[in-house]
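What follows is the content of entry08.txt, which has compact mmCIF, C-alpha atoms and all ligand atoms:
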```
# COMPACT_ATOMS: atom_id res chain seq x y z
CA MET X 1 2.85 2.23 23.68
CA ARG X 2 2.55 -0.87 21.50
CA PRO X 3 0.08 -0.17 18.67
CA THR X 4 -2.65 -2.52 17.49
CA LEU X 5 -3.57 -2.74 13.80
CA THR X 6 -6.54 -4.38 12.20
CA ALA X 7 -6.08 -6.60 9.17
CA PHE X 8 -8.18 -9.04 7.17
CA GLN X 9 -8.80 -12.36 8.89
CA ALA X 10 -8.94 -13.84 5.38
CA SER X 11 -7.29 -11.52 2.90
CA PRO X 12 -8.45 -11.94 -0.70
CA ASP X 13 -4.83 -11.42 -1.76
CA ARG X 14 -3.96 -14.90 -0.42
CA GLY X 15 -0.78 -13.80 1.33
CA ARG X 16 0.65 -11.58 -1.41
CA GLY X 17 0.79 -8.59 0.93
CA LEU X 18 -1.39 -6.39 -1.26
CA ALA X 19 -3.98 -5.35 1.34
CA ARG X 20 -3.40 -2.01 2.98
CA ASP X 21 -2.22 -3.27 6.33
CA MET X 22 1.01 -4.21 4.49
CA GLY X 23 2.31 -0.63 4.20
CA VAL X 24 1.48 0.03 7.84
CA ARG X 25 3.23 -3.14 8.98
CA TRP X 26 6.22 -2.18 6.82
CA ALA X 27 6.40 1.34 8.30
CA LEU X 28 6.28 -0.07 11.84
CA GLU X 29 9.10 -2.47 10.96
CA GLU X 30 11.18 0.33 9.43
CA VAL X 31 11.00 2.40 12.63
CA GLY X 32 11.51 -0.68 14.84
CA GLN X 33 8.13 -0.45 16.57
CA PRO X 34 6.66 -3.80 17.68
CA TYR X 35 2.91 -4.08 17.17
CA ASP X 36 -0.10 -6.32 17.64
CA VAL X 37 -2.66 -7.24 15.01
CA ARG X 38 -6.36 -7.83 15.51
CA LEU X 39 -7.73 -9.87 12.63
CA VAL X 40 -11.26 -9.00 11.58
CA SER X 41 -13.80 -10.85 9.46
CA PHE X 42 -15.86 -9.04 6.79
CA ALA X 43 -18.86 -9.12 9.15
CA GLU X 44 -16.82 -7.60 12.00
CA MET X 45 -15.54 -4.85 9.69
CA LYS X 46 -19.13 -3.72 9.11
CA ALA X 47 -20.21 -3.96 12.79
CA PRO X 48 -20.53 -0.90 15.06
CA ALA X 49 -17.35 -1.56 17.08
CA HIS X 50 -15.18 -1.46 13.94
CA LEU X 51 -17.18 1.34 12.31
CA ALA X 52 -16.39 3.49 15.35
CA LEU X 53 -12.70 3.10 14.41
CA GLN X 54 -13.09 3.12 10.61
CA PRO X 55 -16.25 4.86 9.34
CA PHE X 56 -16.10 3.05 5.99
CA GLY X 57 -15.89 -0.42 7.49
CA GLN X 58 -12.42 -1.13 6.12
CA ILE X 59 -9.00 -2.20 7.32
CA PRO X 60 -6.46 -1.07 8.42
CA THR X 61 -6.97 0.80 11.66
CA TYR X 62 -4.35 1.81 14.20
CA GLU X 63 -4.79 2.22 17.95
CA ALA X 64 -2.09 3.30 20.37
CA GLY X 65 -2.15 5.11 23.69
CA GLY X 66 -5.65 6.53 23.29
CA LEU X 67 -5.11 7.52 19.64
CA SER X 68 -7.21 5.80 17.03
CA LEU X 69 -6.48 6.35 13.31
CA PHE X 70 -7.76 5.11 9.98
CA GLU X 71 -6.52 5.62 6.37
CA SER X 72 -3.28 3.79 5.67
CA GLY X 73 -1.55 6.96 4.40
CA ALA X 74 -2.36 8.89 7.58
CA ILE X 75 -1.26 5.94 9.69
CA VAL X 76 2.06 5.60 7.84
CA LEU X 77 2.65 9.35 8.18
CA HIS X 78 1.96 9.17 11.91
CA ILE X 79 4.38 6.25 12.31
CA ALA X 80 7.01 8.04 10.19
CA GLU X 81 6.68 11.14 12.35
CA SER X 82 6.95 9.23 15.60
CA GLY X 83 9.98 7.05 14.84
CA PRO X 84 13.37 7.32 13.14
CA GLY X 85 14.32 6.63 9.53
CA LEU X 86 11.26 7.32 7.39
CA LEU X 87 11.27 11.11 7.19
CA PRO X 88 14.34 13.33 6.73
CA SER X 89 15.03 15.91 9.43
CA ASP X 90 15.63 18.70 6.89
CA PRO X 91 12.21 20.43 6.65
CA HIS X 92 12.27 20.76 2.86
CA ALA X 93 13.32 17.15 2.30
CA ARG X 94 10.66 16.07 4.80
CA ALA X 95 7.95 18.01 2.96
CA ARG X 96 9.07 16.46 -0.35
CA ALA X 97 8.92 12.94 1.14
CA ILE X 98 5.35 13.67 2.29
CA SER X 99 4.54 14.94 -1.23
CA TRP X 100 5.56 11.53 -2.55
CA MET X 101 3.19 9.88 -0.08
CA PHE X 102 0.35 11.98 -1.45
CA ALA X 103 1.47 11.32 -5.02
CA ALA X 104 1.36 7.60 -4.32
CA LEU X 105 -2.19 7.69 -3.01
CA SER X 106 -3.79 10.37 -5.14
CA THR X 107 -1.91 10.29 -8.46
CA ILE X 108 -0.31 6.86 -8.95
CA GLU X 109 -2.78 4.58 -7.20
CA PRO X 110 -6.17 5.60 -8.71
CA PRO X 111 -5.59 4.17 -12.20
CA ILE X 112 -4.05 1.00 -10.72
CA VAL X 113 -7.03 0.40 -8.44
CA GLU X 114 -9.52 1.29 -11.15
CA ARG X 115 -7.94 -1.28 -13.46
CA SER X 116 -8.01 -4.01 -10.84
CA MET X 117 -11.62 -3.21 -9.85
CA ALA X 118 -12.66 -3.27 -13.51
CA GLY X 119 -11.07 -6.70 -13.88
CA LEU X 120 -13.12 -7.91 -10.91
CA VAL X 121 -16.52 -6.35 -11.43
CA GLU X 122 -16.79 -5.35 -15.10
CA ARG X 123 -15.20 -8.36 -16.75
CA ASP X 124 -18.51 -9.55 -18.21
CA ALA X 125 -19.76 -6.12 -19.25
CA PRO X 126 -20.09 -5.52 -23.01
CA TRP X 127 -17.81 -2.50 -22.88
CA PHE X 128 -15.01 -4.17 -20.87
CA ALA X 129 -12.82 -5.17 -23.84
CA GLU X 130 -13.05 -1.67 -25.26
CA ARG X 131 -12.35 0.02 -21.93
CA LEU X 132 -9.40 -2.14 -20.90
CA PRO X 133 -6.76 -0.55 -23.17
CA LEU X 134 -7.78 2.90 -21.90
CA LEU X 135 -7.35 1.81 -18.30
CA ASP X 136 -3.99 0.20 -19.09
CA GLU X 137 -2.84 3.29 -20.94
CA ARG X 138 -3.58 5.49 -17.91
CA ILE X 139 -1.43 3.27 -15.72
CA ASP X 140 1.34 3.12 -18.31
CA VAL X 141 1.51 6.91 -18.56
CA ARG X 142 1.95 7.21 -14.79
CA LEU X 143 4.57 4.44 -14.70
CA ALA X 144 6.54 6.09 -17.51
CA GLN X 145 6.44 9.46 -15.73
CA LEU X 146 7.50 7.93 -12.44
CA SER X 147 10.27 5.95 -14.08
CA ARG X 148 11.56 9.08 -15.79
CA ARG X 149 11.67 10.92 -12.47
CA LEU X 150 13.40 8.04 -10.67
CA GLY X 151 16.01 7.74 -13.41
CA ASP X 152 18.84 5.57 -12.14
CA ALA X 153 18.59 6.76 -8.53
CA PRO X 154 17.91 4.13 -5.86
CA TRP X 155 15.08 6.12 -4.25
CA LEU X 156 12.86 9.00 -5.30
CA ASP X 157 14.50 11.79 -3.29
CA GLY X 158 17.73 10.97 -1.47
CA ASP X 159 17.50 8.31 1.21
CA PHE X 160 14.65 5.79 1.41
CA SER X 161 11.64 7.52 2.97
CA ALA X 162 7.95 7.11 3.76
CA GLY X 163 7.43 8.48 0.24
CA ASP X 164 9.19 5.48 -1.30
CA LEU X 165 7.39 3.14 1.09
CA MET X 166 4.00 4.45 -0.02
CA VAL X 167 4.88 4.56 -3.74
CA VAL X 168 6.18 0.98 -3.68
CA THR X 169 3.16 -0.18 -1.68
CA VAL X 170 0.92 1.22 -4.42
CA LEU X 171 3.05 -0.07 -7.32
CA ARG X 172 2.89 -3.61 -5.91
CA ARG X 173 -0.82 -3.68 -6.80
CA ALA X 174 -0.09 -3.09 -10.49
CA ASP X 175 0.02 -5.92 -13.02
CA PRO X 176 3.59 -7.36 -12.92
CA ALA X 177 3.61 -7.59 -16.73
CA MET X 178 2.94 -3.87 -16.95
CA LEU X 179 5.66 -3.09 -14.40
CA ALA X 180 8.11 -5.24 -16.34
CA ARG X 181 7.85 -2.78 -19.22
CA HIS X 182 9.53 -0.24 -16.91
CA PRO X 183 12.72 -1.96 -15.76
CA ALA X 184 13.84 0.93 -13.52
CA LEU X 185 10.57 0.65 -11.59
CA ALA X 186 10.76 -3.13 -11.40
CA ALA X 187 14.27 -2.76 -9.94
CA TYR X 188 13.05 -0.02 -7.57
CA ILE X 189 10.32 -2.31 -6.23
CA ALA X 190 12.76 -5.23 -5.90
CA ARG X 191 15.19 -2.97 -3.99
CA ALA X 192 12.42 -1.93 -1.59
CA GLU X 193 11.18 -5.50 -1.16
CA ALA X 194 14.72 -6.60 -0.26
CA ARG X 195 14.73 -4.32 2.78
CA PRO X 196 14.72 -6.37 5.99
CA ALA X 197 11.77 -4.34 7.33
CA PHE X 198 9.71 -5.19 4.23
CA GLN X 199 10.66 -8.85 4.57
CA ARG X 200 9.53 -8.97 8.21
CA ALA X 201 6.24 -7.24 7.40
CA PHE X 202 5.62 -9.54 4.44
CA ALA X 203 6.35 -12.64 6.51
CA ALA X 204 3.96 -11.49 9.26
CA GLN X 205 1.03 -11.00 6.88
CA LEU X 206 1.87 -14.24 5.04
CA ALA X 207 1.75 -16.10 8.37
CA VAL X 208 -1.90 -15.06 8.71
CA PHE X 209 -2.74 -16.67 5.38
CA THR X 210 -0.66 -19.78 6.11
CA ALA X 211 -2.37 -20.28 9.48
CA LEU X 212 -5.77 -19.86 7.83
CA GLN X 213 -4.90 -22.51 5.24
CA ALA X 214 -3.63 -24.88 7.92
CA GLY X 215 -6.82 -24.40 9.91
CA GLY X 216 -9.13 -25.45 7.19
N1 LIG K 301 -8.22 4.56 1.75
C1 LIG K 301 -8.25 3.44 2.68
C2 LIG K 301 -6.86 3.24 3.29
O1 LIG K 301 -5.88 3.53 2.60
O2 LIG K 301 -6.75 2.81 4.45
C3 LIG K 301 -8.71 2.23 1.92
C4 LIG K 301 -8.80 1.01 2.80
C5 LIG K 301 -9.23 -0.20 2.00
O3 LIG K 301 -9.42 -0.14 0.77
N2 LIG K 301 -9.33 -1.32 2.68
C6 LIG K 301 -9.77 -2.54 2.04
C7 LIG K 301 -11.01 -3.04 2.73
O4 LIG K 301 -11.10 -3.01 3.94
C8 LIG K 301 -8.69 -3.62 2.18
S1 LIG K 301 -7.20 -3.17 1.37
N3 LIG K 301 -11.98 -3.51 1.93
C9 LIG K 301 -13.19 -4.06 2.45
C10 LIG K 301 -14.36 -3.22 2.16
O5 LIG K 301 -14.23 -2.08 1.66
O6 LIG K 301 -15.46 -3.71 2.44
C11 LIG K 301 -7.68 -3.20 -0.38
C12 LIG K 301 -7.29 -4.48 -1.04
C13 LIG K 301 -8.11 -5.58 -0.94
C14 LIG K 301 -7.75 -6.76 -1.59
C15 LIG K 301 -6.59 -6.81 -2.33
N4 LIG K 301 -6.23 -8.02 -3.01
O7 LIG K 301 -6.90 -9.04 -2.89
O8 LIG K 301 -5.23 -8.03 -3.76
C16 LIG K 301 -5.76 -5.70 -2.43
C17 LIG K 301 -6.13 -4.53 -1.76
```

As structure tokens, how would this structure be written, given the file I've shared?
Amino acid sequence: MRPTLTAFQASPDRGRGLARDMGVRWALEEVGQPYDVRLVSFAEMKAPAHLALQPFGQIPTYEAGGLSLFESGAIVLHIAESGPGLLPSDPHARARAISWMFAALSTIEPPIVERSMAGLVERDAPWFAERLPLLDERIDVRLAQLSRRLGDAPWLDGDFSAGDLMVVTVLRRADPAMLARHPALAAYIARAEARPAFQRAFAAQLAVFTALQAGG
């Protein structure tokens, strides 16, 4: 059954593939599953039909064969479980790959998102300049820890997995200058971005932005 995702009709990332449909598209490409995308406006995201799929009025959602899911991590896990190549068959290795997915979303991502939100909504606040180094430091600690664990391995735990996919998806939202201070992580991201599945997913989301630009 061909799944349908929702994605921003007009993503604020301007085609950089930073919105959360990107990881889902990437996972679908990795397992070779064709999919459809329903683009939604901000107004549509907050309307009852979308809220029935995503209670928080956000993208992405996933619908296939009577199953409707929200939360990009849960969607990627579902895709990884239903197709080949993103989760090892060995039960222990599989559980470790899933641990990395959780680490991405609950340990690595929060300081990255907090920093980018602060830059958007607190920039003019009197405390912003004082708070910024603290936010940056929190990210830097996580990047250093992750880099130490990765060492000079290509992926976090054996073959590329849904864990790497989720970790890289989250790292791509960090400030490139901050990532550049951790060359092993910068190389890890570049390696992941060079994967044909990533390239196809990136091109598909970029095409949405390009079409929007062409239309007006
Ligand atoms: N935990 C949920 C998940 O993982 O699926 C979070 C989903 C979420 O944050 N969705 C965002 C959304 O719908 C889009 S991706 N926001 C609208 C709203 O809440 O009203 C987050 C995002 C947005 C923009 C950029 N950017 O411009 O770089 C990056 C990431």

Environment of ligand LIG 301 (chain K) within 6 Å, counting only C-alpha atoms and all ligand atoms, reported as a compact mmCIF listing (two decimals) with C-alpha atoms, in the coordinates of the input:
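And here is the file that came out, result.txt:
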```txt
# COMPACT_ATOMS: atom_id res chain seq x y z
CA PRO X 12 -8.45 -11.94 -0.70
CA ASP X 13 -4.83 -11.42 -1.76
CA LEU X 18 -1.39 -6.39 -1.26
CA ALA X 19 -3.98 -5.35 1.34
CA ARG X 20 -3.40 -2.01 2.98
CA GLN X 58 -12.42 -1.13 6.12
CA ILE X 59 -9.00 -2.20 7.32
CA PRO X 60 -6.46 -1.07 8.42
CA GLU X 71 -6.52 5.62 6.37
CA SER X 72 -3.28 3.79 5.67
CA GLY X 73 -1.55 6.96 4.40
```

Residues at most 8 Å from region 194-210 of chain X, counting only C-alpha atoms, excluding those fewer than 2 positions away in the same chain, as a PDB file with C-alpha atoms, in the coordinates of the input?
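Below is the file out-v7.pdb, written as the result:
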```
ATOM      1  CA  GLN X   9      -8.800 -12.360   8.890  1.00  0.00           C
ATOM      2  CA  ALA X  10      -8.940 -13.840   5.380  1.00  0.00           C
ATOM      3  CA  SER X  11      -7.290 -11.520   2.900  1.00  0.00           C
ATOM      4  CA  ARG X  14      -3.960 -14.900  -0.420  1.00  0.00           C
ATOM      5  CA  GLY X  15      -0.780 -13.800   1.330  1.00  0.00           C
ATOM      6  CA  ARG X  16       0.650 -11.580  -1.410  1.00  0.00           C
ATOM      7  CA  GLY X  17       0.790  -8.590   0.930  1.00  0.00           C
ATOM      8  CA  MET X  22       1.010  -4.210   4.490  1.00  0.00           C
ATOM      9  CA  ARG X  25       3.230  -3.140   8.980  1.00  0.00           C
ATOM     10  CA  TRP X  26       6.220  -2.180   6.820  1.00  0.00           C
ATOM     11  CA  ALA X  27       6.400   1.340   8.300  1.00  0.00           C
ATOM     12  CA  GLU X  29       9.100  -2.470  10.960  1.00  0.00           C
ATOM     13  CA  GLU X  30      11.180   0.330   9.430  1.00  0.00           C
ATOM     14  CA  ALA X 190      12.760  -5.230  -5.900  1.00  0.00           C
ATOM     15  CA  ARG X 191      15.190  -2.970  -3.990  1.00  0.00           C
ATOM     16  CA  ALA X 192      12.420  -1.930  -1.590  1.00  0.00           C
ATOM     17  CA  LEU X 212      -5.770 -19.860   7.830  1.00  0.00           C
ATOM     18  CA  GLN X 213      -4.900 -22.510   5.240  1.00  0.00           C
ATOM     19  CA  ALA X 214      -3.630 -24.880   7.920  1.00  0.00           C
TER      20      ALA X 214
END
```

(request) Work out how far apart CA of Ala174 (chain X) and CA of Ser99 (chain X) are and give it in Å to one decimal. (result) 20.8 Å

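Ranking X:Ala118, X:Leu143, X:Leu165, X:Asp159 by their shortest atom-to-atom distance to Ala186 (chain X), with all atoms listed in the file included, puts X:Leu143 first.
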
Enclose all atoms of region 157-170 of chain X listed in the file in an axis-aligned box, grow every side by 4 Å, and hand back centre and edge lengths in Å to one decimal, as AutoDock Vina command-line options.
```
--center_x 9.3 --center_y 5.8 --center_z -0.3 --size_x 24.8 --size_y 20.0 --size_z 16.2
```

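Going from CA of Leu134 (chain X) over to CA of Leu179 (chain X), you cover 16.5 Å.
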
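With only C-alpha atoms as the basis for measurement, X:Thr61 is the residue among X:Asp157, X:Thr61, X:Gln33, X:Ala43 that approaches Thr4 (chain X) most closely.
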
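With only C-alpha atoms taken into account, every residue lying no more than 12 Å from the file point (-7.2, 2.1, 18.7) is included here: Met1, Arg2, Pro3, Thr4, Leu5, Thr6, Tyr35, Asp36, Val37, Arg38, Ala49, His50, Leu51, Ala52, Leu53, Gln54, Pro60, Thr61, Tyr62, Glu63, Ala64, Gly65, Gly66, Leu67, Ser68, Leu69, Phe70 and Ile75 of chain X.
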
(request) Measure the distance from CA of Gln145 (chain X) to CA of Val167 (chain X) in Å and round it to one decimal. (result) 13.0 Å

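Checking X:Pro126, X:Pro110, X:Gly85, X:Pro183 one by one against Ser161 (chain X), counting all atoms listed in the file, you find the shortest gap at X:Gly85.
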
(request) Counting all atoms listed in the file, find the residues whose atoms lie at most 10 Å from (5.6, 13.5, -3.3) (file coordinates) and write them out as a PyMOL selection string. (result) chain X and resi 94-105+107+156-157+162-164+166-167

Could you take the residues named above and write them with C-alpha atoms, as a short mmCIF file (atom, residue, chain, number, x, y, z; two decimals), in the coordinates of the input?
```cif
data_model
loop_
_atom_site.label_atom_id
_atom_site.label_comp_id
_atom_site.auth_asym_id
_atom_site.auth_seq_id
_atom_site.Cartn_x
_atom_site.Cartn_y
_atom_site.Cartn_z
CA ARG X 94 10.66 16.07 4.80
CA ALA X 95 7.95 18.01 2.96
CA ARG X 96 9.07 16.46 -0.35
CA ALA X 97 8.92 12.94 1.14
CA ILE X 98 5.35 13.67 2.29
CA SER X 99 4.54 14.94 -1.23
CA TRP X 100 5.56 11.53 -2.55
CA MET X 101 3.19 9.88 -0.08
CA PHE X 102 0.35 11.98 -1.45
CA ALA X 103 1.47 11.32 -5.02
CA ALA X 104 1.36 7.60 -4.32
CA LEU X 105 -2.19 7.69 -3.01
CA THR X 107 -1.91 10.29 -8.46
CA LEU X 156 12.86 9.00 -5.30
CA ASP X 157 14.50 11.79 -3.29
CA ALA X 162 7.95 7.11 3.76
CA GLY X 163 7.43 8.48 0.24
CA ASP X 164 9.19 5.48 -1.30
CA MET X 166 4.00 4.45 -0.02
CA VAL X 167 4.88 4.56 -3.74
#
```

(message) Restricting the calculation to only C-alpha atoms: of X:Asp21, X:Ala153, X:Pro91, X:Val168, which residue gets closest to Ile108 (chain X)?
(response) X:Val168

(request) Name all residues at most 8 Å from region 187-189 of chain X (count only C-alpha atoms; drop same-chain ones fewer than 4 positions away) and give them as a PyMOL selection string. (result) chain X and resi 154-155+168+171-172+183+193

(message) Residues within 8 Å of Arg115 (chain X), please, as number ranges by chain. Count only C-alpha atoms; anything in the same chain fewer than 2 positions from it doesn't count.
(response) X: 111-113, 117-119, 132, 135-136

Go ahead and dump the residues you just picked, C-alpha atoms, as a PDB file, in the frame of the given file.
```pdb
ATOM      1  CA  PRO X 111      -5.590   4.170 -12.200  1.00  0.00           C
ATOM      2  CA  ILE X 112      -4.050   1.000 -10.720  1.00  0.00           C
ATOM      3  CA  VAL X 113      -7.030   0.400  -8.440  1.00  0.00           C
ATOM      4  CA  MET X 117     -11.620  -3.210  -9.850  1.00  0.00           C
ATOM      5  CA  ALA X 118     -12.660  -3.270 -13.510  1.00  0.00           C
ATOM      6  CA  GLY X 119     -11.070  -6.700 -13.880  1.00  0.00           C
ATOM      7  CA  LEU X 132      -9.400  -2.140 -20.900  1.00  0.00           C
ATOM      8  CA  LEU X 135      -7.350   1.810 -18.300  1.00  0.00           C
ATOM      9  CA  ASP X 136      -3.990   0.200 -19.090  1.00  0.00           C
TER      10      ASP X 136
END
```

Atoms added to region 157-179 of chain X (N, CA and C atoms), reported as an mmCIF file, keeping the file's coordinate frame:
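Full text of selection_11.cif as output:
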```cif
data_model
loop_
_atom_site.group_PDB
_atom_site.id
_atom_site.type_symbol
_atom_site.label_atom_id
_atom_site.label_comp_id
_atom_site.auth_asym_id
_atom_site.auth_seq_id
_atom_site.Cartn_x
_atom_site.Cartn_y
_atom_site.Cartn_z
ATOM 1 N N ASP X 157 13.952 10.485 -3.688
ATOM 2 C CA ASP X 157 14.500 11.790 -3.290
ATOM 3 C C ASP X 157 15.504 11.578 -2.159
ATOM 4 N N GLY X 158 16.714 11.195 -2.507
ATOM 5 C CA GLY X 158 17.730 10.970 -1.470
ATOM 6 C C GLY X 158 17.557 9.608 -0.834
ATOM 7 N N ASP X 159 17.611 9.595 0.502
ATOM 8 C CA ASP X 159 17.500 8.310 1.210
ATOM 9 C C ASP X 159 16.084 7.743 1.108
ATOM 10 N N PHE X 160 15.965 6.433 1.337
ATOM 11 C CA PHE X 160 14.650 5.790 1.410
ATOM 12 C C PHE X 160 13.792 6.546 2.428
ATOM 13 N N SER X 161 12.526 6.766 2.076
ATOM 14 C CA SER X 161 11.640 7.520 2.970
ATOM 15 C C SER X 161 10.236 6.921 2.943
ATOM 16 N N ALA X 162 9.370 7.511 3.767
ATOM 17 C CA ALA X 162 7.950 7.110 3.760
ATOM 18 C C ALA X 162 7.337 7.336 2.385
ATOM 19 N N GLY X 163 7.913 8.266 1.612
ATOM 20 C CA GLY X 163 7.430 8.480 0.240
ATOM 21 C C GLY X 163 7.681 7.247 -0.612
ATOM 22 N N ASP X 164 8.901 6.709 -0.544
ATOM 23 C CA ASP X 164 9.190 5.480 -1.300
ATOM 24 C C ASP X 164 8.317 4.326 -0.788
ATOM 25 N N LEU X 165 8.170 4.249 0.517
ATOM 26 C CA LEU X 165 7.390 3.140 1.090
ATOM 27 C C LEU X 165 5.961 3.156 0.524
ATOM 28 N N MET X 166 5.384 4.346 0.449
ATOM 29 C CA MET X 166 4.000 4.450 -0.020
ATOM 30 C C MET X 166 3.927 4.211 -1.536
ATOM 31 N N VAL X 167 4.894 4.754 -2.278
ATOM 32 C CA VAL X 167 4.880 4.560 -3.740
ATOM 33 C C VAL X 167 5.045 3.071 -4.063
ATOM 34 N N VAL X 168 5.970 2.414 -3.393
ATOM 35 C CA VAL X 168 6.180 0.980 -3.680
ATOM 36 C C VAL X 168 4.953 0.175 -3.262
ATOM 37 N N THR X 169 4.365 0.536 -2.139
ATOM 38 C CA THR X 169 3.160 -0.180 -1.680
ATOM 39 C C THR X 169 2.068 -0.131 -2.753
ATOM 40 N N VAL X 170 1.931 1.034 -3.369
ATOM 41 C CA VAL X 170 0.920 1.220 -4.420
ATOM 42 C C VAL X 170 1.316 0.482 -5.706
ATOM 43 N N LEU X 171 2.589 0.582 -6.076
ATOM 44 C CA LEU X 171 3.050 -0.070 -7.320
ATOM 45 C C LEU X 171 2.873 -1.586 -7.247
ATOM 46 N N ARG X 172 2.999 -2.151 -6.045
ATOM 47 C CA ARG X 172 2.890 -3.610 -5.910
ATOM 48 C C ARG X 172 1.520 -4.136 -6.302
ATOM 49 N N ARG X 173 0.524 -3.244 -6.381
ATOM 50 C CA ARG X 173 -0.820 -3.680 -6.800
ATOM 51 C C ARG X 173 -0.971 -3.674 -8.318
ATOM 52 N N ALA X 174 0.009 -3.130 -9.020
ATOM 53 C CA ALA X 174 -0.090 -3.090 -10.490
ATOM 54 C C ALA X 174 0.229 -4.464 -11.083
ATOM 55 N N ASP X 175 -0.239 -4.666 -12.293
ATOM 56 C CA ASP X 175 0.020 -5.920 -13.020
ATOM 57 C C ASP X 175 1.538 -6.068 -13.225
ATOM 58 N N PRO X 176 2.133 -7.178 -12.769
ATOM 59 C CA PRO X 176 3.590 -7.360 -12.920
ATOM 60 C C PRO X 176 4.052 -7.243 -14.373
ATOM 61 N N ALA X 177 3.217 -7.672 -15.314
ATOM 62 C CA ALA X 177 3.610 -7.590 -16.730
ATOM 63 C C ALA X 177 3.742 -6.124 -17.155
ATOM 64 N N MET X 178 2.881 -5.296 -16.617
ATOM 65 C CA MET X 178 2.940 -3.870 -16.950
ATOM 66 C C MET X 178 4.174 -3.223 -16.309
ATOM 67 N N LEU X 179 4.472 -3.626 -15.079
ATOM 68 C CA LEU X 179 5.660 -3.090 -14.400
ATOM 69 C C LEU X 179 6.932 -3.519 -15.118
#
```
